[in-house]
Each structure stands twice: as structure tokens, then as C-alpha cells.
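Text of model-v4.txt, listed as compact mmCIF, C-alpha atoms:
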# COMPACT_ATOMS: atom_id res chain seq x y z
CA ASP A 1 0.00 0.00 0.00
CA VAL A 2 1.10 3.59 -0.60
CA VAL A 3 2.21 5.29 2.60
CA LEU A 4 1.64 9.02 2.86
CA THR A 5 3.78 10.80 5.44
CA GLN A 6 2.51 14.18 6.56
CA THR A 7 4.61 16.75 8.36
CA PRO A 8 4.38 18.43 10.73
CA PRO A 9 1.84 16.52 12.83
CA THR A 10 0.80 19.75 14.51
CA LEU A 11 1.09 23.36 13.47
CA SER A 12 0.40 26.49 15.46
CA ALA A 13 -0.19 29.71 13.57
CA THR A 14 -1.32 33.26 14.17
CA ILE A 15 -4.04 34.86 12.11
CA GLY A 16 -2.55 36.11 8.87
CA GLN A 17 0.49 33.86 8.99
CA SER A 18 1.28 31.67 6.00
CA VAL A 19 1.87 27.98 6.64
CA SER A 20 2.73 24.87 4.65
CA ILE A 21 2.03 21.19 5.15
CA SER A 22 4.08 18.48 3.48
CA CYS A 23 2.85 15.13 2.21
CA ARG A 24 5.39 12.60 0.96
CA SER A 25 4.40 9.41 -0.80
CA SER A 26 6.22 6.08 -0.68
CA GLN A 27 5.80 5.83 -4.45
CA SER A 28 5.03 8.06 -7.37
CA LEU A 29 1.40 9.19 -7.59
CA LEU A 30 1.62 9.96 -11.31
CA ASP A 31 -1.03 7.80 -12.93
CA SER A 32 -0.70 6.15 -16.34
CA ASP A 33 -3.38 8.56 -17.59
CA GLY A 34 -1.07 11.48 -16.87
CA ASP A 35 -2.97 12.79 -13.87
CA THR A 36 -1.75 12.76 -10.27
CA TYR A 37 -4.52 11.90 -7.84
CA LEU A 38 -3.39 13.62 -4.69
CA ASN A 39 -6.08 15.45 -2.74
CA TRP A 40 -6.14 17.60 0.38
CA LEU A 41 -9.00 17.49 2.87
CA LEU A 42 -9.84 19.58 5.93
CA GLN A 43 -11.78 18.23 8.87
CA ARG A 44 -12.98 20.98 11.16
CA PRO A 45 -13.80 20.03 14.76
CA GLY A 46 -16.98 17.99 14.92
CA GLN A 47 -17.47 18.01 11.15
CA SER A 48 -17.02 15.66 8.22
CA PRO A 49 -13.97 16.06 6.02
CA GLN A 50 -14.26 18.49 3.13
CA LEU A 51 -12.30 18.52 -0.10
CA LEU A 52 -9.99 21.50 -0.52
CA ILE A 53 -7.66 20.57 -3.36
CA TYR A 54 -7.85 17.77 -5.92
CA SER A 55 -5.28 16.44 -8.35
CA VAL A 56 -2.42 18.26 -6.58
CA SER A 57 -3.32 21.84 -7.35
CA ASN A 58 -6.97 22.24 -8.35
CA LEU A 59 -9.04 24.29 -5.95
CA GLU A 60 -12.40 22.74 -5.16
CA SER A 61 -15.40 24.97 -5.85
CA GLY A 62 -16.16 27.33 -2.97
CA VAL A 63 -12.76 26.93 -1.31
CA PRO A 64 -10.98 30.24 -0.64
CA ASN A 65 -7.99 30.94 -2.86
CA ARG A 66 -5.68 31.35 0.13
CA PHE A 67 -5.39 27.57 -0.15
CA SER A 68 -3.04 26.24 -2.79
CA GLY A 69 -1.44 22.92 -3.61
CA SER A 70 1.72 22.02 -5.42
CA GLY A 71 4.10 19.16 -6.01
CA SER A 72 4.66 16.15 -8.20
CA GLU A 73 5.49 12.43 -8.13
CA THR A 74 6.15 11.86 -4.41
CA ASP A 75 6.39 15.31 -2.80
CA PHE A 76 3.40 17.55 -2.27
CA THR A 77 2.63 20.69 -0.33
CA LEU A 78 -0.50 22.46 0.85
CA LYS A 79 -0.03 26.16 1.53
CA ILE A 80 -2.35 28.49 3.36
CA SER A 81 -1.51 32.10 2.52
CA GLY A 82 -2.86 34.05 5.45
CA VAL A 83 -4.45 31.73 8.00
CA GLU A 84 -7.92 32.64 9.21
CA ALA A 85 -9.66 31.45 12.36
CA GLU A 86 -11.96 29.13 10.40
CA ASP A 87 -8.96 27.20 9.07
CA LEU A 88 -8.38 25.36 12.31
CA GLY A 89 -8.80 21.61 12.14
CA VAL A 90 -7.00 18.56 10.81
CA TYR A 91 -5.64 18.48 7.27
CA TYR A 92 -5.28 15.17 5.47
CA CYS A 93 -3.65 14.32 2.19
CA MET A 94 -5.00 11.31 0.36
CA GLN A 95 -4.06 9.48 -2.81
CA ALA A 96 -6.37 7.88 -5.33
CA THR A 97 -3.80 6.79 -7.90
CA HIS A 98 -3.09 3.36 -6.43
CA ALA A 99 -5.51 0.90 -4.88
CA PRO A 100 -6.13 0.74 -2.04
CA LEU A 101 -6.62 4.47 -1.63
CA THR A 102 -4.74 5.76 1.38
CA PHE A 103 -4.64 8.78 3.66
CA GLY A 104 -1.94 10.61 5.51
CA SER A 105 -2.05 10.67 9.29
CA GLY A 106 -3.14 14.29 9.43
CA THR A 107 -1.77 17.68 10.44
CA LYS A 108 -3.58 19.52 13.18
CA LEU A 109 -3.65 23.28 12.70
CA GLU A 110 -4.12 25.31 15.85
CA ILE A 111 -4.65 29.04 16.00
CA LYS A 112 -2.49 30.93 18.50
CA GLU B 1 -28.13 20.85 -2.52
CA VAL B 2 -26.18 17.61 -2.39
CA GLN B 3 -26.85 15.58 0.72
CA LEU B 4 -25.60 12.22 1.91
CA VAL B 5 -27.24 10.85 5.03
CA GLU B 6 -25.90 7.70 6.68
CA SER B 7 -27.82 5.52 9.10
CA GLY B 8 -27.74 2.08 10.67
CA GLY B 9 -24.89 2.46 13.12
CA GLY B 10 -24.85 1.70 16.81
CA LEU B 11 -23.52 -0.75 19.35
CA VAL B 12 -22.96 -4.25 18.01
CA GLN B 13 -21.40 -7.35 19.51
CA PRO B 14 -18.25 -8.93 18.11
CA GLY B 15 -19.05 -11.48 15.41
CA ALA B 16 -22.36 -9.89 14.52
CA SER B 17 -23.45 -8.32 11.23
CA LEU B 18 -24.55 -4.78 10.51
CA LYS B 19 -25.78 -2.95 7.42
CA LEU B 20 -25.22 0.75 6.96
CA SER B 21 -27.23 2.86 4.53
CA CYS B 22 -26.54 6.18 2.88
CA VAL B 23 -29.37 8.05 1.20
CA ALA B 24 -28.31 10.52 -1.45
CA SER B 25 -30.17 13.57 -2.73
CA GLY B 26 -29.46 16.68 -4.74
CA PHE B 27 -27.70 14.93 -7.60
CA THR B 28 -28.29 12.08 -10.03
CA PHE B 29 -27.12 9.20 -7.85
CA SER B 30 -26.97 6.70 -10.70
CA ASP B 31 -24.33 8.83 -12.50
CA TYR B 32 -21.71 8.54 -9.78
CA TRP B 33 -19.31 6.03 -8.35
CA MET B 34 -19.64 6.05 -4.57
CA SER B 35 -17.24 5.21 -1.75
CA TRP B 36 -17.16 4.31 1.93
CA VAL B 37 -14.45 5.65 4.23
CA ARG B 38 -14.09 5.13 7.96
CA GLN B 39 -12.35 7.08 10.71
CA THR B 40 -11.15 5.37 13.85
CA PRO B 41 -11.47 6.92 17.32
CA GLY B 42 -7.79 7.84 16.97
CA LYS B 43 -8.73 9.83 13.80
CA THR B 44 -7.02 7.49 11.33
CA MET B 45 -8.79 7.57 7.98
CA GLU B 46 -9.25 4.30 6.07
CA TRP B 47 -10.73 3.76 2.63
CA ILE B 48 -13.14 0.81 2.63
CA GLY B 49 -14.04 0.57 -1.03
CA ASP B 50 -16.16 1.90 -3.85
CA ILE B 51 -18.82 0.90 -6.32
CA LYS B 52 -19.44 1.77 -9.94
CA TYR B 53 -22.44 3.93 -10.83
CA ASP B 54 -24.48 0.97 -12.07
CA GLY B 55 -23.40 -1.38 -9.29
CA SER B 56 -21.61 -3.71 -11.68
CA TYR B 57 -18.13 -3.32 -10.19
CA THR B 58 -16.69 -2.91 -6.74
CA ASN B 59 -13.24 -2.35 -5.25
CA TYR B 60 -12.26 -3.06 -1.67
CA ALA B 61 -9.40 -2.54 0.71
CA PRO B 62 -7.76 -5.99 0.79
CA SER B 63 -7.92 -6.14 4.58
CA LEU B 64 -11.73 -5.76 4.52
CA LYS B 65 -12.68 -7.55 1.33
CA ASN B 66 -13.73 -10.79 2.97
CA ARG B 67 -16.07 -9.21 5.52
CA PHE B 68 -17.46 -6.02 3.95
CA THR B 69 -19.77 -5.73 0.92
CA ILE B 70 -20.75 -2.53 -0.85
CA SER B 71 -23.98 -2.38 -2.85
CA ARG B 72 -26.43 0.19 -4.10
CA ASP B 73 -30.04 0.65 -5.12
CA ASN B 74 -30.21 3.41 -7.71
CA ALA B 75 -34.01 3.42 -7.65
CA LYS B 76 -33.79 4.43 -4.00
CA SER B 77 -30.65 6.56 -4.37
CA THR B 78 -29.16 4.53 -1.58
CA LEU B 79 -25.70 3.15 -0.94
CA TYR B 80 -25.13 0.25 1.43
CA LEU B 81 -22.29 -1.24 3.44
CA GLN B 82 -22.85 -4.75 4.74
CA MET B 83 -20.45 -5.57 7.55
CA SER B 84 -20.11 -9.14 8.78
CA ASN B 85 -18.19 -10.82 11.59
CA VAL B 86 -17.39 -7.42 13.05
CA ARG B 87 -14.41 -6.94 15.34
CA SER B 88 -13.44 -4.35 17.92
CA GLU B 89 -11.10 -2.76 15.38
CA ASP B 90 -14.14 -1.99 13.20
CA THR B 91 -15.20 0.59 15.78
CA ALA B 92 -15.21 3.84 13.82
CA THR B 93 -17.27 6.56 12.23
CA TYR B 94 -18.33 5.48 8.74
CA TYR B 95 -18.72 8.02 5.96
CA CYS B 96 -20.21 7.66 2.52
CA THR B 97 -18.76 9.93 -0.12
CA ARG B 98 -18.94 10.48 -3.81
CA ARG B 99 -15.90 8.82 -5.34
CA ASP B 100 -14.36 12.23 -6.12
CA PHE B 101 -14.55 12.91 -2.35
CA ASP B 102 -16.24 16.25 -3.07
CA TYR B 103 -19.25 15.45 -0.89
CA TRP B 104 -19.33 13.54 2.40
CA GLY B 105 -22.11 12.42 4.67
CA GLN B 106 -22.25 13.42 8.32
CA GLY B 107 -20.98 9.99 9.32
CA VAL B 108 -22.46 7.20 11.42
CA MET B 109 -20.79 5.68 14.45
CA VAL B 110 -20.32 1.96 14.84
CA THR B 111 -19.11 0.58 18.16
CA VAL B 112 -18.17 -3.07 18.41
CA SER B 113 -18.18 -4.26 21.99
CA SER B 114 -19.57 -7.00 24.15

Let me see the file written as C-alpha cells.
Amino acid sequence: DVVLTQTPPTLSATIGQSVSISCRSSQSLLDSDGDTYLNWLLQRPGQSPQLLIYSVSNLESGVPNRFSGSGSETDFTLKISGVEAEDLGVYYCMQATHAPLTFGSGTKLEIK
Amino acid sequence: EVQLVESGGGLVQPGASLKLSCVASGFTFSDYWMSWVRQTPGKTMEWIGDIKYDGSYTNYAPSLKNRFTISRDNAKSTLYLQMSNVRSEDTATYYCTRRDFDYWGQGVMVTVSS
């Protein structure tokens, strides 16, 4: 199975600060169809996960553009440019290139 | 508005069976692959499997394939997860999602304990 390693496990930020979360894969997530199926999800406290970014860098509809994704093959990054209070929660990367689909262990974002 | 509403969870004894349901609305259910994902009490996320839009094909996590079965009834816009011979490690919140993971249900808790 593909192992996704997220760092850091926890992140503390002030409002307005920019932060990045890393997700490293144990194997390339580039699919034979040319796409890379690496998504980012946010789970706010007490809520279901929500999709933020799909296929590395595509912003899901309705998601603020302070969120951005980048990377390729095995190294991926989620950046929040100017953290807001509503961004607190746990961020997960997940891959859908290889079966079984797998998730990272999560990065908890706390607001100082 | 897209909605996914799970039901059927609760407290179940080890070795028992349980069937979860997920009723979809706000989109054409029969056009979409659907998935089940679970989250353990320790917040670990695990993909269970998915099912093709017409129900003709399913994929499963190898570790669950022998005990879990995904099915659907497009006439009822409902997705199912049949769980058999449940174990304590199946204790989790179970989510149904569209296969693109763009919409998630509110989740249903399953606790396996004697």
C-alpha cells in the first residue's frame, strides 16, 4: 500500500500567517493517464472532512484561494496564505492513484 | 443541494453483522461512483471501497474484502455497506462519499463491543 507521510503533525499559527504542510508518498502518484490523484482534505472540529484541493493543485469549488497545492510524483505541499480562524482543524492528504486508496495521518492546525 | 445521510450504526457485539445505509439527494445518484471511508477513534482515515455507478463493479481494501460488501439501489438513491463478523477494530465513524470525495455524509458511528 502507498504510505503518505505528513509533516508536521501539529502546526500552530497566528491569524494572517502563511503555513505549509508536506505530504510525501512512498511511491510516485503519477497515474498512467497522466494525472496525479493527490487530494487535500480539511476536517474541522466535529465536522465531516471536506475537499480543498484535488489532483495536486486544483481548488475545489467554494474553497478560498488562500489555499493552494503544489508538487509532483512523491512530494506535495499544501499552503495556506494568510491563516484565518476558520482554518483550524486537521488536514489530510490522500491518494487515489493506487488501490487501495490511502490517507496521511493528518496535520492539526491550531490558531495561536 | 447535495446531501448524503448515513444511518444504521450503533452498538454491536463482536461477530455480529450490521448494514449501513446512505441516502443521497441533490444529484443524479446513478451517474456517480460512490465510496465508503471510515475514521477510527484515533482519527485514522481508512478507505473501505467503492462501487461503480451501475453497481456492476466494486473495489475493496484488501484487509476488509472478505467481511465487507458494498452495494447500491439506484431506484432508492441509496448506498449500502454490509459488515459481517465485526471486530473491535471496526469501531469507527463510517462516511459515505462520492468517489471524487467532493461530498461527504455526516458519518455514522459503529461501536463493536460485548

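Atom pair atom CA of Gly16 of chain A / atom CA of Pro64 of chain A: separated by 14.0 Å.
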
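Proximity of B:Phe101, B:Tyr94, B:Phe29, B:Tyr80 to chain A, computed with only C-alpha atoms, is greatest for B:Phe101.
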
Enclosing box along x, y and z for every listed atom of segment 99-103 of chain B, padded 5 Å each side, centre and size in Å, one decimal, as lines of an AutoDock Vina configuration file:
center_x = -16.8
center_y = 12.5
center_z = -3.5
size_x = 14.9
size_y = 17.4
size_z = 15.2

Between atom CA of Thr5 of chain A and atom CA of Leu29 of chain A, measure the distance and give it in Å to one decimal.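 Separation between atom CA of Thr5 of chain A and atom CA of Leu29 of chain A: 13.3 Å.
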
Identify the residues around (-24.8, 0.6, -1.0) within a radius of 10 Å, measuring from all atoms listed in the file in the coordinates stated by the file, and give them as a ChimeraX atom specification. /B:19-23,34-36,50-51,55,69-74,77-82,96

As a check of understanding: the span from atom CA of Thr97 of chain A to atom CA of Trp47 of chain B is 13.0 Å

Using 12 Å as the limit and counting all atoms listed in the file, can you tabulate each residue of chain B that touches chain A, with its shortest atom-to-atom distance in Å and the two atoms involved, as a tab-separated table?
residue	atom	partner	partner_atom	distance
B:Leu4	CA	A:Ser48	CA	11.2
B:Val5	CA	A:Ser48	CA	11.7
B:Ser35	CA	A:Leu101	CA	10.6
B:Trp36	CA	A:Leu101	CA	11.1
B:Val37	CA	A:Leu101	CA	9.9
B:Arg38	CA	A:Ser48	CA	10.9
B:Gln39	CA	A:Ser48	CA	10.1
B:Thr40	CA	A:Ser105	CA	11.5
B:Gly42	CA	A:Ser105	CA	10.0
B:Lys43	CA	A:Ser105	CA	8.1
B:Thr44	CA	A:Ser105	CA	6.2
B:Met45	CA	A:Phe103	CA	6.1
B:Glu46	CA	A:Thr102	CA	6.7
B:Trp47	CA	A:Leu101	CA	6.0
B:Ile48	CA	A:Pro100	CA	8.4
B:Gly49	CA	A:Pro100	CA	8.0
B:Asp50	CA	A:Leu101	CA	10.1
B:Thr58	CA	A:Ala99	CA	12.0
B:Asn59	CA	A:Pro100	CA	8.4
B:Tyr60	CA	A:Pro100	CA	7.2
B:Ala61	CA	A:Pro100	CA	5.4
B:Pro62	CA	A:Pro100	CA	7.5
B:Ser63	CA	A:Pro100	CA	9.7
B:Leu64	CA	A:Pro100	CA	10.8
B:Lys65	CA	A:Pro100	CA	11.1
B:Thr93	CA	A:Ser48	CA	9.9
B:Tyr94	CA	A:Ser48	CA	10.3
B:Tyr95	CA	A:Ser48	CA	8.1
B:Cys96	CA	A:Ser48	CA	10.3
B:Thr97	CA	A:Pro49	CA	9.9
B:Arg98	CA	A:Leu51	CA	11.1
B:Arg99	CA	A:Ala96	CA	9.6
B:Asp100	CA	A:Tyr54	CA	8.6
B:Phe101	CA	A:Leu51	CA	6.4
B:Asp102	CA	A:Leu51	CA	5.4
B:Tyr103	CA	A:Gln50	CA	7.1
B:Trp104	CA	A:Ser48	CA	6.6
B:Gly105	CA	A:Ser48	CA	7.0
B:Gln106	CA	A:Ser48	CA	5.7
B:Gly107	CA	A:Ser48	CA	7.0
B:Val108	CA	A:Ser48	CA	10.6

Can you tell me, as a VMD selection string, what residues are no more than 10 Å from segment 70-84 of chain A when counting all atoms listed in the file, ignoring any on the same chain fewer than 5 positions away? chain A and resid 4 to 7 13 to 31 36 38 to 40 52 to 53 55 to 58 64 to 65 91 to 93 109 111

Using only C-alpha atoms, which residue out of B:Asp54, B:Ala75, B:Val112, B:Leu18 lies closest to Arg87 of chain B?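 Checking each candidate against Arg87 of chain B, we get B:Val112 as the closest.
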
Is it possible to get the residues within 8 Å of (-28.6, 15.1, -2.4) (coordinates as in the file, counting all atoms listed in the file) written as a list in words? Glu1, Val2, Gln3, Leu4, Val23, Ala24, Ser25, Gly26 and Phe27 of chain B

Would you mind exporting the chosen residues as a PDB file, in the coordinates of the input, restricted to C-alpha atoms?
ATOM      1  CA  GLU B   1     -28.130  20.850  -2.520  1.00  0.00           C
ATOM      2  CA  VAL B   2     -26.180  17.610  -2.390  1.00  0.00           C
ATOM      3  CA  GLN B   3     -26.850  15.580   0.720  1.00  0.00           C
ATOM      4  CA  LEU B   4     -25.600  12.220   1.910  1.00  0.00           C
ATOM      5  CA  VAL B  23     -29.370   8.050   1.200  1.00  0.00           C
ATOM      6  CA  ALA B  24     -28.310  10.520  -1.450  1.00  0.00           C
ATOM      7  CA  SER B  25     -30.170  13.570  -2.730  1.00  0.00           C
ATOM      8  CA  GLY B  26     -29.460  16.680  -4.740  1.00  0.00           C
ATOM      9  CA  PHE B  27     -27.700  14.930  -7.600  1.00  0.00           C
TER      10      PHE B  27
END

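Near Arg44 of chain A, within 8 Å and counting only C-alpha atoms, sit A:Asp87, A:Leu88, A:Gly89, A:Val90, not including residues fewer than 6 positions from it in the same chain.
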